[in-house]
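Structure below is protein.cif: mmCIF, N, CA and C atoms.
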data_run
loop_
_atom_site.label_atom_id
_atom_site.label_comp_id
_atom_site.auth_asym_id
_atom_site.auth_seq_id
_atom_site.Cartn_x
_atom_site.Cartn_y
_atom_site.Cartn_z
N MET N 1293 2.96 44.79 -64.78
CA MET N 1293 3.60 44.86 -63.49
C MET N 1293 5.03 45.34 -63.67
N ALA N 1294 5.43 46.29 -62.86
CA ALA N 1294 6.80 46.79 -62.86
C ALA N 1294 7.44 46.43 -61.53
N VAL N 1295 8.71 46.09 -61.58
CA VAL N 1295 9.50 45.83 -60.38
C VAL N 1295 10.51 46.96 -60.30
N ASN N 1296 10.38 47.79 -59.27
CA ASN N 1296 11.23 48.96 -59.11
C ASN N 1296 12.20 48.73 -57.96
N TYR N 1297 13.49 48.90 -58.23
CA TYR N 1297 14.53 48.75 -57.23
C TYR N 1297 14.95 50.12 -56.75
N ILE N 1298 14.93 50.34 -55.42
CA ILE N 1298 15.37 51.60 -54.83
C ILE N 1298 16.35 51.29 -53.70
N CYS N 1299 17.20 52.26 -53.40
CA CYS N 1299 18.14 52.11 -52.30
C CYS N 1299 17.40 52.32 -50.98
N ARG N 1300 17.60 51.41 -50.07
CA ARG N 1300 16.92 51.50 -48.78
C ARG N 1300 17.43 52.65 -47.93
N HIS N 1301 18.61 53.19 -48.24
CA HIS N 1301 19.20 54.26 -47.43
C HIS N 1301 18.99 55.64 -48.05
N CYS N 1302 19.41 55.82 -49.29
CA CYS N 1302 19.32 57.15 -49.91
C CYS N 1302 18.07 57.32 -50.78
N LYS N 1303 17.32 56.25 -50.96
CA LYS N 1303 16.05 56.27 -51.72
C LYS N 1303 16.22 56.55 -53.21
N SER N 1304 17.44 56.44 -53.73
CA SER N 1304 17.62 56.68 -55.16
C SER N 1304 17.13 55.48 -55.96
N ALA N 1305 16.63 55.76 -57.15
CA ALA N 1305 16.17 54.69 -58.04
C ALA N 1305 17.38 53.98 -58.62
N ILE N 1306 17.38 52.66 -58.54
CA ILE N 1306 18.50 51.88 -59.04
C ILE N 1306 18.17 51.27 -60.40
N GLY N 1307 16.95 50.82 -60.55
CA GLY N 1307 16.55 50.23 -61.82
C GLY N 1307 15.12 49.77 -61.78
N SER N 1308 14.63 49.33 -62.91
CA SER N 1308 13.24 48.90 -63.01
C SER N 1308 13.11 47.82 -64.08
N ILE N 1309 12.24 46.88 -63.83
CA ILE N 1309 11.90 45.85 -64.80
C ILE N 1309 10.41 46.00 -65.07
N ASP N 1310 10.06 46.29 -66.29
CA ASP N 1310 8.66 46.52 -66.63
C ASP N 1310 8.19 45.42 -67.57
N SER N 1311 7.80 44.30 -66.98
CA SER N 1311 7.35 43.17 -67.78
C SER N 1311 6.37 42.34 -66.97
N ALA N 1312 5.27 42.01 -67.58
CA ALA N 1312 4.27 41.18 -66.92
C ALA N 1312 4.70 39.71 -66.89
N GLN N 1313 5.74 39.38 -67.62
CA GLN N 1313 6.15 37.99 -67.74
C GLN N 1313 7.27 37.61 -66.78
N VAL N 1314 7.70 38.53 -65.92
CA VAL N 1314 8.75 38.23 -64.95
C VAL N 1314 8.08 37.70 -63.69
N SER N 1315 8.52 36.53 -63.25
CA SER N 1315 7.93 35.93 -62.05
C SER N 1315 8.83 36.15 -60.84
N GLU N 1316 8.26 35.98 -59.66
CA GLU N 1316 9.03 36.09 -58.43
C GLU N 1316 10.10 35.00 -58.38
N LEU N 1317 9.84 33.89 -58.99
CA LEU N 1317 10.82 32.81 -59.05
C LEU N 1317 12.04 33.25 -59.86
N GLN N 1318 11.81 33.92 -60.98
CA GLN N 1318 12.91 34.40 -61.81
C GLN N 1318 13.72 35.49 -61.11
N LEU N 1319 13.05 36.27 -60.27
CA LEU N 1319 13.72 37.35 -59.54
C LEU N 1319 14.45 36.84 -58.30
N GLY N 1320 14.21 35.61 -57.92
CA GLY N 1320 14.88 35.02 -56.76
C GLY N 1320 14.23 35.33 -55.44
N PHE N 1321 13.01 35.84 -55.46
CA PHE N 1321 12.32 36.18 -54.22
C PHE N 1321 12.04 34.93 -53.36
N HIS N 1322 11.96 33.77 -53.99
CA HIS N 1322 11.64 32.54 -53.26
C HIS N 1322 12.77 32.14 -52.30
N PHE N 1323 13.96 32.72 -52.46
CA PHE N 1323 15.07 32.43 -51.56
C PHE N 1323 14.95 33.19 -50.24
N LEU N 1324 14.10 34.21 -50.19
CA LEU N 1324 13.95 35.04 -49.01
C LEU N 1324 13.02 34.41 -47.99
N THR N 1325 13.31 34.61 -46.71
CA THR N 1325 12.40 34.18 -45.65
C THR N 1325 11.20 35.14 -45.63
N LEU N 1326 10.16 34.79 -44.91
CA LEU N 1326 9.00 35.68 -44.80
C LEU N 1326 9.39 37.02 -44.19
N GLU N 1327 10.27 36.99 -43.20
CA GLU N 1327 10.71 38.23 -42.56
C GLU N 1327 11.51 39.09 -43.54
N GLU N 1328 12.39 38.48 -44.30
CA GLU N 1328 13.16 39.22 -45.30
C GLU N 1328 12.26 39.79 -46.37
N ARG N 1329 11.28 39.02 -46.81
CA ARG N 1329 10.35 39.49 -47.83
C ARG N 1329 9.59 40.73 -47.36
N SER N 1330 9.12 40.70 -46.11
CA SER N 1330 8.35 41.84 -45.62
C SER N 1330 9.23 43.08 -45.44
N ASP N 1331 10.52 42.87 -45.19
CA ASP N 1331 11.45 43.99 -45.02
C ASP N 1331 11.92 44.56 -46.36
N ILE N 1332 12.05 43.72 -47.36
CA ILE N 1332 12.67 44.10 -48.63
C ILE N 1332 11.65 44.44 -49.72
N ILE N 1333 10.54 43.73 -49.75
CA ILE N 1333 9.60 43.83 -50.88
C ILE N 1333 8.30 44.49 -50.43
N ALA N 1334 7.84 45.45 -51.23
CA ALA N 1334 6.55 46.10 -50.98
C ALA N 1334 5.69 45.95 -52.24
N TYR N 1335 4.47 45.51 -52.05
CA TYR N 1335 3.53 45.35 -53.16
C TYR N 1335 2.61 46.56 -53.18
N ASN N 1336 2.62 47.30 -54.26
CA ASN N 1336 1.81 48.51 -54.39
C ASN N 1336 0.41 48.17 -54.89
N GLN N 1337 -0.54 49.05 -54.63
CA GLN N 1337 -1.93 48.82 -55.02
C GLN N 1337 -2.11 48.73 -56.53
N ASN N 1338 -1.25 49.36 -57.30
CA ASN N 1338 -1.39 49.33 -58.75
C ASN N 1338 -0.77 48.08 -59.37
N GLY N 1339 -0.26 47.17 -58.53
CA GLY N 1339 0.32 45.93 -59.02
C GLY N 1339 1.83 45.95 -59.16
N ASP N 1340 2.43 47.12 -58.99
CA ASP N 1340 3.88 47.21 -59.06
C ASP N 1340 4.51 46.68 -57.77
N VAL N 1341 5.77 46.36 -57.86
CA VAL N 1341 6.53 45.85 -56.72
C VAL N 1341 7.72 46.77 -56.51
N THR N 1342 7.97 47.14 -55.26
CA THR N 1342 9.14 47.94 -54.92
C THR N 1342 10.07 47.06 -54.09
N VAL N 1343 11.32 46.99 -54.51
CA VAL N 1343 12.33 46.17 -53.84
C VAL N 1343 13.39 47.10 -53.28
N LYS N 1344 13.61 47.03 -51.95
CA LYS N 1344 14.61 47.87 -51.30
C LYS N 1344 15.93 47.12 -51.21
N VAL N 1345 16.94 47.67 -51.86
CA VAL N 1345 18.29 47.10 -51.85
C VAL N 1345 19.26 48.22 -51.46
N VAL N 1346 20.55 47.98 -51.52
CA VAL N 1346 21.54 49.00 -51.18
C VAL N 1346 22.34 49.33 -52.44
N CYS N 1347 22.39 50.61 -52.78
CA CYS N 1347 23.14 51.04 -53.97
C CYS N 1347 24.65 50.97 -53.69
N ASP N 1348 25.44 51.04 -54.74
CA ASP N 1348 26.90 50.95 -54.63
C ASP N 1348 27.47 52.08 -53.75
N TYR N 1349 26.95 53.29 -53.92
CA TYR N 1349 27.44 54.42 -53.14
C TYR N 1349 27.23 54.19 -51.64
N CYS N 1350 26.03 53.78 -51.25
CA CYS N 1350 25.74 53.56 -49.84
C CYS N 1350 26.52 52.36 -49.30
N LYS N 1351 26.69 51.33 -50.11
CA LYS N 1351 27.46 50.18 -49.67
C LYS N 1351 28.89 50.57 -49.37
N GLU N 1352 29.50 51.36 -50.25
CA GLU N 1352 30.87 51.81 -50.02
C GLU N 1352 30.95 52.67 -48.76
N ALA N 1353 29.98 53.56 -48.57
CA ALA N 1353 29.98 54.43 -47.39
C ALA N 1353 29.81 53.61 -46.11
N LEU N 1354 28.95 52.62 -46.14
CA LEU N 1354 28.73 51.79 -44.96
C LEU N 1354 29.92 50.86 -44.69
N ASP N 1355 30.55 50.37 -45.75
CA ASP N 1355 31.74 49.54 -45.58
C ASP N 1355 32.88 50.35 -44.95
N ALA N 1356 33.02 51.60 -45.36
CA ALA N 1356 34.07 52.46 -44.85
C ALA N 1356 33.76 52.99 -43.45
N ASN N 1357 32.47 53.09 -43.13
CA ASN N 1357 32.03 53.65 -41.84
C ASN N 1357 30.92 52.79 -41.25
N PRO N 1358 31.24 51.61 -40.75
CA PRO N 1358 30.20 50.70 -40.26
C PRO N 1358 29.37 51.25 -39.09
N GLU N 1359 29.90 52.25 -38.40
CA GLU N 1359 29.14 52.85 -37.30
C GLU N 1359 27.88 53.55 -37.79
N LEU N 1360 27.81 53.85 -39.08
CA LEU N 1360 26.61 54.48 -39.63
C LEU N 1360 25.39 53.56 -39.54
N LEU N 1361 25.62 52.25 -39.44
CA LEU N 1361 24.50 51.32 -39.32
C LEU N 1361 23.76 51.49 -37.99
N LEU N 1362 24.38 52.16 -37.03
CA LEU N 1362 23.75 52.38 -35.73
C LEU N 1362 22.76 53.54 -35.77
N VAL N 1363 22.82 54.35 -36.82
CA VAL N 1363 21.95 55.51 -36.98
C VAL N 1363 20.70 55.09 -37.75
N ALA N 1364 19.54 55.63 -37.39
CA ALA N 1364 18.29 55.25 -38.04
C ALA N 1364 18.30 55.50 -39.55
N ASN N 1365 18.72 56.68 -39.97
CA ASN N 1365 18.81 57.02 -41.40
C ASN N 1365 20.23 57.52 -41.70
N PRO N 1366 21.16 56.60 -41.89
CA PRO N 1366 22.56 57.01 -42.01
C PRO N 1366 22.90 57.82 -43.26
N LEU N 1367 22.28 57.54 -44.37
CA LEU N 1367 22.63 58.20 -45.63
C LEU N 1367 21.37 58.71 -46.29
N GLN N 1368 21.13 59.99 -46.11
CA GLN N 1368 19.90 60.55 -46.67
C GLN N 1368 20.20 61.40 -47.87
#

For this file, produce the structure as structure tokens.
Amino acid sequence: MAVNYICRHCKSAIGSIDSAQVSELQLGFHFLTLEERSDIIAYNQNGDVTVKVVCDYCKEALDANPELLLVANPLQ
């Protein structure tokens, strides 16, 4: 099982954990509500997990220009 982290805005790959021994508890997924889990985490058919987070570049851009959050795809 691989856990792949991608930016929810620009879709760039941020990192990956490729280990069958990493649990959701170790990743901190248990802290998320069901709504947050469905928004952030996607389970792929091959057993991999995709986690949508915000990269540093997009965070800086959104912090500097908060009005971009009003746009459907602010940073493509």

Residue contacts of stretch 1342-1351 of chain N (6.5 Å, only N, CA and C atoms) excluding same-chain residues fewer than 5 positions away, as a PyMOL selection string: chain N and resi 1294-1301+1331-1336+1356

Could you go through stretch 1294-1364 of chain N and tell me which residues DSSP, when run on the backbone, assigns to helix (DSSP H, G or I), listing them as an MDAnalysis selection string? chainID N and resid 1316:1319 1321:1323 1326:1332 1348:1356 1358:1362

So which residues of chain N fall under strand (DSSP E or B) by DSSP, listed as a list in words?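 Selection result, strand (DSSP E or B) within chain N: Ala1294, Val1295, Asn1296, Tyr1297, Ile1298, Cys1299, Ala1305, Ile1306, Gly1307, Ser1308, Ile1309, Asp1310, Ile1333, Ala1334, Tyr1335, Val1341, Thr1342, Val1343, Lys1344 and Val1345 of chain N.
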
Report, in Å to a single decimal, how far apart atom CA of N:Glu1352 and atom C of N:Gln1318 are.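 Calculated distance between atom C of N:Gln1318 and atom CA of N:Glu1352 is 26.1 Å.
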